[in-house]
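For reference, the structure is listed below as structure tokens.
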Amino acid sequence: MDTTRVSSTAFDGTAHAPAHARKFVRQVLGEWRLSQLAEDAVLLTSELVTNAVVHAGTGVELTCRLDVDAVPPTLEIEVGDHHPARALPKAAPVLSSDGPPSTSGRGLALAALLADAWGVTYTKTTKRVWVRMELGEGGEPHEAVPAAVPVEPLDGLRVGVIVVSPDGVVESWNSEAEQLLGHPAEQAVGRALKELVAWRGHGPYALSLTDTLGLGRWRGEVRMRRPDGRLVPVYVSHLRSQGHGGVRRAIWMVVAREHRYVLTPPAAPMRHEAGRRVKELLDRDMPFGELLDTIARIVQVSSGGDAAYVLLASESGGRFGVAAGAGAARGLVGVPATGVLGADRTTPAVVDDLLASDVELAELLRARSLACAPLVVTGEVIGFLVVTAAQAGRFDEELTVSLRHVAEQVAVPLQRERLAEQDRAHRGRLSFLAEAGELLAGVHDEELIAALTAQLVVPKIARWAAVYLTDLTGMTRLAHVWHSEECNNAELRGSLPAIPRTALSEVSWPVGPETVLSFPLLTQGRSYGALVIGRAEQALPLELADLLADLCRLVALNLHTAMLYTRQATTSRVLQRSLLPMRVAPMPGLESAVVYEPAGEGADVGGDFYDLFTVGDHWCFALGDVCGSGPEAAAVTGLARHAVRLLAKENYTVADILDRLNQALLEEGDDDRFLSLLCGELTPLPQGGALCTVASAGHPPPLLRRADGRVETVASPQLLLGIETGARFYVETFEMAQDDVLLCVTDGVTERRDGDRLLDDGDGLARLLSGCEGLSAHAVAERVRQAVEMFADEPSQDDVALLVIKASAALRQVR
């Protein structure tokens with residue numbers, strides 16, 4: 001009679017097929033009482049169905065086949081699609097030391113790892129990939145599956161007690177063990193336990209016998225050897241106990257398999273309930289972050305710990321980041337991959353008191369008790385499930401079995417989802433940093449940088465953000481706050497220290513419903529402040545922590561540039577202002593007005609300059625224009641203005657001033673340093689008015705408006721300064737009467753351009769001045785300035801400087 005059991009189903013080739021397939025296989029194996037194979041079988045099914053959907057794109061047929069008459073009995077799972085021409089993807093390792101994990105070919109790699117055999121069957125219309133698993137011991141037996149060896153009938157219940165030393169050697173063997181297993185005590189004592197046990201774990205991540213002996217508690221089925229070599233299936237309850245001298249020995253209580261109920265405790269709620277809920281989670285299609293948070297909550301609630309974490313390895317290695325947290329798990333970003341959470345630990349662990357073994361980890365976790373189980377994929381630790389408590393001694397070894405049970409279920413699905421999430425996060429990270437870089441580029445205002453930084457992270461990453469700035473003197477202040485609900489900005493600013501009295505890394509931030517984290521703004525080994533954020537979520541994923549660290553480095557670099565720019569601009573502004581007179585000397589009986597507009601953006605001084613000052617019984621004025629721009633032009637400006645003032649105070653005439661300044665420029669030895677200069681003196685006349693002596697070295701000639709409206713040119717153009725050695729300059733003299741107006745300008749006025757037309761074409765400036773009847777000096781200056789500005793739509797590309805002097809009353813002698 002054929003005792004083979006078969007169960008089949010079919011799915012559409014959609015993204016939901018793997019989840020439906022997992023649920024179907026769990027249900028079938030539960031009905032067949034093969035739950036010991038469920039985890040490996042579900043994992044294999046999920047991978048093979050995923051391959052069929054991705055690479056074939058057709059409907060999928062799934063068949064489970066149990067052959068109880070085979071030796072040994074076998075379970076076969078077959079996944080078929082309707083695209084036989086499409087080749088199978090090359091089997092690739094799930095993890096590779098040469099680079100990032102492979103995203104394809106993992107189904108066949110897992111088949112090679114977990115199944116006893118696998119293969120492919122082709123027909124004209126279908127391709128069927130199958131895996132075969134041999135039924136072993138350790139799970140719920142199937143009534144039709146024969147035992148591996150016949151078990152001799154026992155008269156009654158016997159409980160064998162075996163004591164094993166720390167190095168795995170049998171130290172004690174009672175009479176019940178002798179009757180149950182056949183070995184006299186004198187033959188068993190002194191032998192290694194591994195010689196008496198045919199140890200076989202289930203699944204690729206099962207503990208070895210040595211690791212199991214190191215656990216505090218353990219229960220399960222094993223096979224033990226009788227003297228004739230036959231294997232007897234028995235049930236073992238393992239306990240690790242500390243005896244005299246502090247030596248911890250393993251005690252095994254052994255009964256026949258049919259009497260297992262004697263040693264089996266009631267179902268542990270953590271293992272069974274948590275395991276069931278995790279299985280349900282894995283059958284759902286849910287976002288990766290939500291999946292991690294839910295797993296952490298299940299583990300924390302089921303274990304009774306104060307906090308639970310899902311830790312995943314960082315891309316750079318050497319650190320596990322907090323992918324999710326539950327309970328009292330606020331403010332932790334990651335932990336070093338050392339000690340009990342080392343990357344080489346592949347077995348669960350319990351630490352009764354972290355303060356006695358790892359003070360740094362205890363401070364990070366704010367806990368003393370810890371239990372953990374590694375998440376292992378193909379022999380590599382990709383993370384940990386961790387439970388902590390504030391009190392010491394909260395957990396026992398029984399919890400590690402439950403954690404390991406959950407860890408085995410979630411390790412491979414988490415790794416698969418994590419790889420896809422890392423790819424999405426990497427693209428989003430690049431996009432976010434590109435947006436931030438573009439937004440901050442060219443911003444030289446520290447306050448604006450702080451405001452932009454806060455608004456970059458709220459609400460995308462945090463519920464609120466605050467930016468502290470540390471200036472070049474080391475003073476730290478609260479620069480900007482931003483809350484996702486703007487009405488809370490004032491309250492948030494009031495709750496944060498405006499000027500921290502301690503280092504930012506030592507500040508106690510206000511405790512509230514949010515998790516508060518601080519990230520330093522560091523670049524080139526110097527701190528420029530900190531970004532402080534508040535999040536509703538308890539844990540900050542390592543990917544987000546890395547993103548914020550990158551953002552803070554970018555912000556710090558922009559702050560560094562802005563602070564240097566501000567300091568340089570301040571220095572430049574002070575130096576530039578020294579090139580212009582602080583104030584214009586008052587002249588009784590004369591009105592004066594100056595307009596000065598450098599062309600450069602943000603510049604205080606350009607290539608034009610002016611001065612107006614008193615010397616003895618007369619006044620001196622100067623208006624000049626340096627050829628060129630930038631620091632070189634500013635140097636000539638400083639030389640010219642100060643030389644004119646110094647020479648005038650030494651009672652040099654206007655002509656001598658031009659001669660000496662021409663010689664000084666030529667002695668500088670720079671052929672490109674040319675200067676146009678209008679220089680003059682105003683001397684009061686006894687009868688009223690003033691005598692004006694003026695000379696124009698290559699400068700636009702001054703215009704004089706008489707009281708009757710006539711406009712005259714009152715100086716002739718001469719050679720530029722700095723052109724010719726030995727050049728001689730001459731002066732011209734005229735009188736200014738009451739209401740006469742003298743207008744002196746640079747070429748930024750006369751050569752103001754609108755296409756091919758200049759402002760001074762056809763004596764345009766003279767006509768403009770002629771129409772200024774009855775205006776004060778300031779009004780004349782403003783009318784000329786407006787005319788220059790409105791002459792063309794485009795802003796002026798040259799400096800504009802003009803000086804207006806008006807005789808308003810009889811001049812009195814300067815005393």
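Here's how to read the names in the structure tokens: chain A, B, ... by the order shown, residue numbers from 1 in each chain, ligand numbers from 1 in the order shown.
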Excluding range 396-398 of chain A and any residue of its chain fewer than 4 positions from it, enumerate the residues within 10 Å of it, using only C-alpha atoms, and give them as a PyMOL selection string. chain A and resi 214-219+239-240+268+271+348-352+369-371+402-403
For the residues in the current selection, export C-alpha atoms as a PDB file, in the first residue's frame.
```pdb
ATOM      1  CA  GLY A 214      27.580  25.393  28.624  1.00  0.00           C
ATOM      2  CA  LEU A 215      23.928  26.440  28.856  1.00  0.00           C
ATOM      3  CA  GLY A 216      22.297  26.857  32.235  1.00  0.00           C
ATOM      4  CA  ARG A 217      19.187  24.882  31.182  1.00  0.00           C
ATOM      5  CA  TRP A 218      18.216  22.829  28.167  1.00  0.00           C
ATOM      6  CA  ARG A 219      15.670  20.102  27.284  1.00  0.00           C
ATOM      7  CA  LEU A 239      20.923  21.664  34.181  1.00  0.00           C
ATOM      8  CA  ARG A 240      24.229  23.372  34.834  1.00  0.00           C
ATOM      9  CA  ALA A 268       6.957  28.356  28.136  1.00  0.00           C
ATOM     10  CA  ARG A 271       8.922  30.561  23.394  1.00  0.00           C
ATOM     11  CA  PRO A 348      23.189  32.716  23.060  1.00  0.00           C
ATOM     12  CA  ALA A 349      24.456  34.218  26.306  1.00  0.00           C
ATOM     13  CA  VAL A 350      23.258  35.518  29.657  1.00  0.00           C
ATOM     14  CA  VAL A 351      25.139  38.068  31.755  1.00  0.00           C
ATOM     15  CA  ASP A 352      23.992  38.355  35.364  1.00  0.00           C
ATOM     16  CA  SER A 369      21.227  42.117  33.322  1.00  0.00           C
ATOM     17  CA  LEU A 370      21.483  41.041  29.683  1.00  0.00           C
ATOM     18  CA  ALA A 371      20.386  38.094  27.568  1.00  0.00           C
ATOM     19  CA  SER A 402      13.563  31.177  23.679  1.00  0.00           C
ATOM     20  CA  LEU A 403      15.623  34.020  22.200  1.00  0.00           C
TER      21      LEU A 403
END
```
- Could you give me, as number ranges by chain, each residue of range 532-693 of chain A that DSSP assigns to strand (DSSP E or B) when run on this structure's backbone? A: 532-535, 590-597, 608-615, 618-626, 675-684, 690-693
Based on the selection just made, write N, CA and C atoms of those residues as a tab-separated table (two decimals), in the first residue's frame.
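Once written, again_24.tsv looks like this:
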```tsv
chain	number	residue	atom	x	y	z
A	532	VAL	N	20.86	69.10	17.89
A	532	VAL	CA	20.11	68.34	18.89
A	532	VAL	C	18.72	68.07	18.32
A	533	ILE	N	18.30	66.80	18.35
A	533	ILE	CA	17.01	66.44	17.78
A	533	ILE	C	16.17	65.69	18.81
A	534	GLY	N	14.85	65.78	18.66
A	534	GLY	CA	13.92	65.00	19.46
A	534	GLY	C	13.06	64.16	18.54
A	535	ARG	N	13.00	62.85	18.82
A	535	ARG	CA	12.24	61.91	17.99
A	535	ARG	C	11.20	61.19	18.85
A	590	LEU	N	29.80	127.16	2.79
A	590	LEU	CA	29.75	126.20	1.68
A	590	LEU	C	28.94	124.98	2.11
A	591	GLU	N	28.16	124.49	1.19
A	591	GLU	CA	27.49	123.21	1.38
A	591	GLU	C	28.25	122.15	0.58
A	592	SER	N	28.34	120.94	1.14
A	592	SER	CA	28.99	119.84	0.40
A	592	SER	C	28.16	118.58	0.52
A	593	ALA	N	28.21	117.78	-0.52
A	593	ALA	CA	27.51	116.49	-0.51
A	593	ALA	C	28.32	115.49	-1.33
A	594	VAL	N	28.30	114.24	-0.87
A	594	VAL	CA	29.07	113.18	-1.53
A	594	VAL	C	28.16	112.00	-1.81
A	595	VAL	N	28.30	111.41	-2.97
A	595	VAL	CA	27.67	110.13	-3.31
A	595	VAL	C	28.79	109.16	-3.65
A	596	TYR	N	28.78	107.99	-2.99
A	596	TYR	CA	29.84	107.01	-3.24
A	596	TYR	C	29.21	105.62	-3.29
A	597	GLU	N	29.25	104.95	-4.45
A	597	GLU	CA	28.63	103.64	-4.64
A	597	GLU	C	29.59	102.72	-5.37
A	608	ASP	N	37.33	103.99	-6.96
A	608	ASP	CA	37.15	105.44	-6.82
A	608	ASP	C	37.36	105.85	-5.36
A	609	PHE	N	37.78	107.10	-5.16
A	609	PHE	CA	37.92	107.61	-3.80
A	609	PHE	C	37.68	109.12	-3.81
A	610	TYR	N	37.48	109.69	-2.61
A	610	TYR	CA	37.25	111.13	-2.49
A	610	TYR	C	37.82	111.57	-1.15
A	611	ASP	N	38.00	112.87	-0.99
A	611	ASP	CA	38.42	113.44	0.29
A	611	ASP	C	38.09	114.92	0.29
A	612	LEU	N	37.82	115.46	1.47
A	612	LEU	CA	37.49	116.87	1.64
A	612	LEU	C	37.93	117.25	3.05
A	613	PHE	N	38.93	118.16	3.16
A	613	PHE	CA	39.51	118.45	4.47
A	613	PHE	C	40.03	119.89	4.47
A	614	THR	N	40.32	120.42	5.67
A	614	THR	CA	40.83	121.79	5.83
A	614	THR	C	42.33	121.77	6.06
A	615	VAL	N	43.01	122.81	5.53
A	615	VAL	CA	44.44	123.02	5.75
A	615	VAL	C	44.63	124.52	5.98
A	618	HIS	N	42.31	127.44	4.29
A	618	HIS	CA	41.56	127.04	3.10
A	618	HIS	C	41.16	125.56	3.20
A	619	TRP	N	40.33	125.19	2.21
A	619	TRP	CA	39.86	123.80	2.15
A	619	TRP	C	40.47	123.12	0.93
A	620	CYS	N	40.70	121.79	1.08
A	620	CYS	CA	41.20	120.98	-0.04
A	620	CYS	C	40.19	119.87	-0.35
A	621	PHE	N	40.09	119.56	-1.63
A	621	PHE	CA	39.23	118.43	-2.03
A	621	PHE	C	39.95	117.61	-3.10
A	622	ALA	N	39.59	116.32	-3.18
A	622	ALA	CA	40.18	115.43	-4.17
A	622	ALA	C	39.15	114.39	-4.57
A	623	LEU	N	39.17	114.00	-5.83
A	623	LEU	CA	38.31	112.96	-6.36
A	623	LEU	C	39.14	112.17	-7.36
A	624	GLY	N	39.28	110.86	-7.13
A	624	GLY	CA	40.16	110.08	-7.99
A	624	GLY	C	39.55	108.77	-8.43
A	625	ASP	N	40.21	108.15	-9.42
A	625	ASP	CA	39.75	106.87	-9.98
A	625	ASP	C	40.98	106.05	-10.33
A	626	VAL	N	41.14	104.87	-9.70
A	626	VAL	CA	42.29	104.00	-9.94
A	626	VAL	C	41.96	103.03	-11.05
A	675	LEU	N	46.35	106.37	-12.46
A	675	LEU	CA	45.41	107.05	-11.59
A	675	LEU	C	44.97	108.35	-12.23
A	676	SER	N	43.64	108.55	-12.27
A	676	SER	CA	43.11	109.86	-12.65
A	676	SER	C	42.73	110.58	-11.37
A	677	LEU	N	43.07	111.87	-11.31
A	677	LEU	CA	42.85	112.59	-10.06
A	677	LEU	C	42.45	114.03	-10.35
A	678	LEU	N	41.39	114.46	-9.69
A	678	LEU	CA	40.97	115.87	-9.69
A	678	LEU	C	41.28	116.41	-8.30
A	679	CYS	N	42.14	117.43	-8.23
A	679	CYS	CA	42.56	117.97	-6.94
A	679	CYS	C	42.38	119.49	-6.95
A	680	GLY	N	41.88	120.05	-5.84
A	680	GLY	CA	41.65	121.50	-5.82
A	680	GLY	C	41.70	122.08	-4.43
A	681	GLU	N	41.77	123.44	-4.38
A	681	GLU	CA	41.75	124.18	-3.14
A	681	GLU	C	40.65	125.25	-3.22
A	682	LEU	N	40.04	125.53	-2.10
A	682	LEU	CA	39.05	126.60	-1.98
A	682	LEU	C	39.55	127.58	-0.93
A	683	THR	N	39.77	128.84	-1.36
A	683	THR	CA	40.27	129.87	-0.44
A	683	THR	C	39.23	130.97	-0.32
A	684	PRO	N	38.81	131.31	0.89
A	684	PRO	CA	37.80	132.38	1.05
A	684	PRO	C	38.33	133.72	0.56
A	690	ALA	N	34.63	132.39	-3.04
A	690	ALA	CA	35.86	131.64	-2.84
A	690	ALA	C	36.62	131.58	-4.14
A	691	LEU	N	37.94	131.49	-3.96
A	691	LEU	CA	38.82	131.30	-5.10
A	691	LEU	C	39.16	129.82	-5.17
A	692	CYS	N	38.88	129.24	-6.32
A	692	CYS	CA	39.10	127.80	-6.49
A	692	CYS	C	40.27	127.58	-7.42
A	693	THR	N	41.26	126.79	-6.97
A	693	THR	CA	42.40	126.38	-7.78
A	693	THR	C	42.29	124.88	-7.99
```
Might you pull out every residue within 12 Å of Thr347 in chain A, with only C-alpha atoms counted and same-chain residues fewer than 4 positions away left off, and present them as a PDB file with C-alpha atoms, in the first residue's frame?
```pdb
ATOM      1  CA  TYR A 205      22.563  27.135  13.245  1.00  0.00           C
ATOM      2  CA  ALA A 206      22.047  24.467  15.917  1.00  0.00           C
ATOM      3  CA  LEU A 207      24.303  24.377  18.979  1.00  0.00           C
ATOM      4  CA  SER A 208      27.067  21.826  19.282  1.00  0.00           C
ATOM      5  CA  LEU A 209      27.150  19.406  22.228  1.00  0.00           C
ATOM      6  CA  THR A 210      29.891  21.475  23.878  1.00  0.00           C
ATOM      7  CA  ASP A 211      27.843  24.675  23.534  1.00  0.00           C
ATOM      8  CA  THR A 212      24.778  22.925  24.920  1.00  0.00           C
ATOM      9  CA  LEU A 213      26.684  21.745  27.984  1.00  0.00           C
ATOM     10  CA  GLY A 214      27.580  25.393  28.624  1.00  0.00           C
ATOM     11  CA  LEU A 215      23.928  26.440  28.856  1.00  0.00           C
ATOM     12  CA  VAL A 340      29.259  39.480  24.854  1.00  0.00           C
ATOM     13  CA  LEU A 341      28.016  41.138  21.633  1.00  0.00           C
ATOM     14  CA  GLY A 342      31.110  40.262  19.630  1.00  0.00           C
ATOM     15  CA  ALA A 343      30.828  39.517  15.937  1.00  0.00           C
ATOM     16  CA  ALA A 371      20.386  38.094  27.568  1.00  0.00           C
ATOM     17  CA  CYS A 372      21.125  37.853  23.870  1.00  0.00           C
ATOM     18  CA  ALA A 373      20.918  35.533  20.891  1.00  0.00           C
ATOM     19  CA  PRO A 374      22.838  36.083  17.636  1.00  0.00           C
ATOM     20  CA  LEU A 375      21.174  36.464  14.262  1.00  0.00           C
ATOM     21  CA  VAL A 376      23.263  34.094  12.138  1.00  0.00           C
ATOM     22  CA  GLY A 379      27.765  31.198   9.719  1.00  0.00           C
ATOM     23  CA  GLU A 380      28.063  34.999   9.863  1.00  0.00           C
ATOM     24  CA  VAL A 381      26.604  37.077  12.702  1.00  0.00           C
ATOM     25  CA  PHE A 384      21.599  40.213  17.882  1.00  0.00           C
ATOM     26  CA  LEU A 385      18.317  40.017  19.726  1.00  0.00           C
ATOM     27  CA  GLU A 397      19.627  30.383  30.724  1.00  0.00           C
ATOM     28  CA  THR A 400      18.395  32.102  25.812  1.00  0.00           C
ATOM     29  CA  VAL A 401      16.621  29.059  24.361  1.00  0.00           C
ATOM     30  CA  LEU A 403      15.623  34.020  22.200  1.00  0.00           C
ATOM     31  CA  ARG A 404      17.517  31.590  20.007  1.00  0.00           C
ATOM     32  CA  HIS A 405      14.243  30.089  18.804  1.00  0.00           C
ATOM     33  CA  ALA A 407      16.452  34.507  16.292  1.00  0.00           C
ATOM     34  CA  GLU A 408      16.525  31.422  14.070  1.00  0.00           C
TER      35      GLU A 408
END
```
message = Which residues are near Thr121 in chain A? Cut-off 10 Å, only C-alpha atoms, ignore same chain within fewer than 6 positions. Put them as an NGL selection string.
response = :A and (78 or 80 or 84 or 127-130)
Kindly export the residues of the current selection with N, CA and C atoms, as a PDB file, in the first residue's frame.
```pdb
ATOM      1  N   GLU A  78       8.251  20.692  -3.966  1.00  0.00           N
ATOM      2  CA  GLU A  78       8.479  20.933  -5.386  1.00  0.00           C
ATOM      3  C   GLU A  78       7.762  22.226  -5.795  1.00  0.00           C
ATOM      4  N   GLY A  80       6.941  24.508  -9.177  1.00  0.00           N
ATOM      5  CA  GLY A  80       6.936  24.474 -10.637  1.00  0.00           C
ATOM      6  C   GLY A  80       6.455  25.779 -11.228  1.00  0.00           C
ATOM      7  N   PRO A  84       9.902  26.907 -18.888  1.00  0.00           N
ATOM      8  CA  PRO A  84      11.074  26.010 -18.842  1.00  0.00           C
ATOM      9  C   PRO A  84      12.280  26.569 -19.574  1.00  0.00           C
ATOM     10  N   LYS A 127       8.918  23.808 -15.614  1.00  0.00           N
ATOM     11  CA  LYS A 127      10.214  23.579 -14.961  1.00  0.00           C
ATOM     12  C   LYS A 127       9.917  23.400 -13.489  1.00  0.00           C
ATOM     13  N   ARG A 128      10.385  22.303 -12.865  1.00  0.00           N
ATOM     14  CA  ARG A 128      10.095  22.016 -11.467  1.00  0.00           C
ATOM     15  C   ARG A 128      11.408  21.918 -10.693  1.00  0.00           C
ATOM     16  N   VAL A 129      11.539  22.785  -9.685  1.00  0.00           N
ATOM     17  CA  VAL A 129      12.701  22.743  -8.792  1.00  0.00           C
ATOM     18  C   VAL A 129      12.251  22.067  -7.505  1.00  0.00           C
ATOM     19  N   TRP A 130      12.997  21.031  -7.058  1.00  0.00           N
ATOM     20  CA  TRP A 130      12.593  20.284  -5.873  1.00  0.00           C
ATOM     21  C   TRP A 130      13.734  20.206  -4.859  1.00  0.00           C
TER      22      TRP A 130
END
```
As a check of understanding: the span from CA of Leu439 in chain A to CA of Thr453 in chain A is 9.4 Å
- Might you pull out every residue within 9 Å of range 546-552 of chain A, with only C-alpha atoms counted and same-chain residues fewer than 6 positions away left off, and present them as a ChimeraX atom specification? /A:429,432-433,436-437,453,457,461,519-523,530-531
Using only C-alpha atoms, what table do you get, as a Markdown table, when you list each residue of range 308-352 of chain A with an atom no more than 8 Å from range 294-303 of chain A, its nearest pair of atoms, and their distance in Å rounded to one decimal, rows by chain then rising number?
```
| residue | atom | partner | partner_atom | distance |
| --- | --- | --- | --- | --- |
| A:Ala308 | CA | A:Gln300 | CA | 4.9 |
| A:Tyr309 | CA | A:Ala296 | CA | 5.7 |
| A:Val310 | CA | A:Ala296 | CA | 6.1 |
| A:Ala324 | CA | A:Ala296 | CA | 6.3 |
| A:Gly325 | CA | A:Ala296 | CA | 5.7 |
| A:Ala326 | CA | A:Arg297 | CA | 5.2 |
| A:Gly327 | CA | A:Gln300 | CA | 6.8 |
```
Can you spit out the residues from that selection as a PDB file, in the first residue's frame, using N, CA, C and O atoms?
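Result saved to again.pdb:
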```pdb
ATOM      1  N   ALA A 308      14.265  45.884  25.047  1.00  0.00           N
ATOM      2  CA  ALA A 308      14.687  44.883  24.063  1.00  0.00           C
ATOM      3  C   ALA A 308      15.156  45.608  22.811  1.00  0.00           C
ATOM      4  O   ALA A 308      14.633  46.676  22.476  1.00  0.00           O
ATOM      5  N   TYR A 309      16.154  45.043  22.162  1.00  0.00           N
ATOM      6  CA  TYR A 309      16.751  45.666  20.985  1.00  0.00           C
ATOM      7  C   TYR A 309      16.904  44.631  19.869  1.00  0.00           C
ATOM      8  O   TYR A 309      17.148  43.449  20.127  1.00  0.00           O
ATOM      9  N   VAL A 310      16.764  45.128  18.646  1.00  0.00           N
ATOM     10  CA  VAL A 310      17.210  44.375  17.482  1.00  0.00           C
ATOM     11  C   VAL A 310      18.448  45.107  16.963  1.00  0.00           C
ATOM     12  O   VAL A 310      18.360  46.250  16.512  1.00  0.00           O
ATOM     13  N   ALA A 324      15.986  48.595  16.003  1.00  0.00           N
ATOM     14  CA  ALA A 324      14.682  48.786  16.638  1.00  0.00           C
ATOM     15  C   ALA A 324      14.859  48.605  18.132  1.00  0.00           C
ATOM     16  O   ALA A 324      15.769  47.906  18.591  1.00  0.00           O
ATOM     17  N   GLY A 325      13.981  49.222  18.901  1.00  0.00           N
ATOM     18  CA  GLY A 325      14.031  49.105  20.352  1.00  0.00           C
ATOM     19  C   GLY A 325      12.641  49.166  20.932  1.00  0.00           C
ATOM     20  O   GLY A 325      11.721  49.715  20.334  1.00  0.00           O
ATOM     21  N   ALA A 326      12.471  48.575  22.121  1.00  0.00           N
ATOM     22  CA  ALA A 326      11.179  48.593  22.805  1.00  0.00           C
ATOM     23  C   ALA A 326      11.434  48.735  24.297  1.00  0.00           C
ATOM     24  O   ALA A 326      12.508  48.391  24.796  1.00  0.00           O
ATOM     25  N   GLY A 327      10.437  49.240  25.020  1.00  0.00           N
ATOM     26  CA  GLY A 327      10.609  49.444  26.453  1.00  0.00           C
ATOM     27  C   GLY A 327      11.470  50.667  26.717  1.00  0.00           C
ATOM     28  O   GLY A 327      11.401  51.667  26.015  1.00  0.00           O
TER      29      GLY A 327
END
```
Residue with the minimum atom-to-atom distance to Asn51 in chain A, picked from A:Asp81, A:Glu782, A:Arg65, A:Thr4 with only C-alpha atoms counted, is A:Asp81
The residue from A:Thr476, A:Ala329, A:Thr570, A:Glu176 with the smallest atom-to-atom distance to Thr515 in chain A, counting only C-alpha atoms, is A:Ala329
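Using only C-alpha atoms for every distance, the candidate list A:Val255, A:Ala198, A:Ala21, A:Ala640 yields A:Val255 as the residue closest to Glu178 in chain A.
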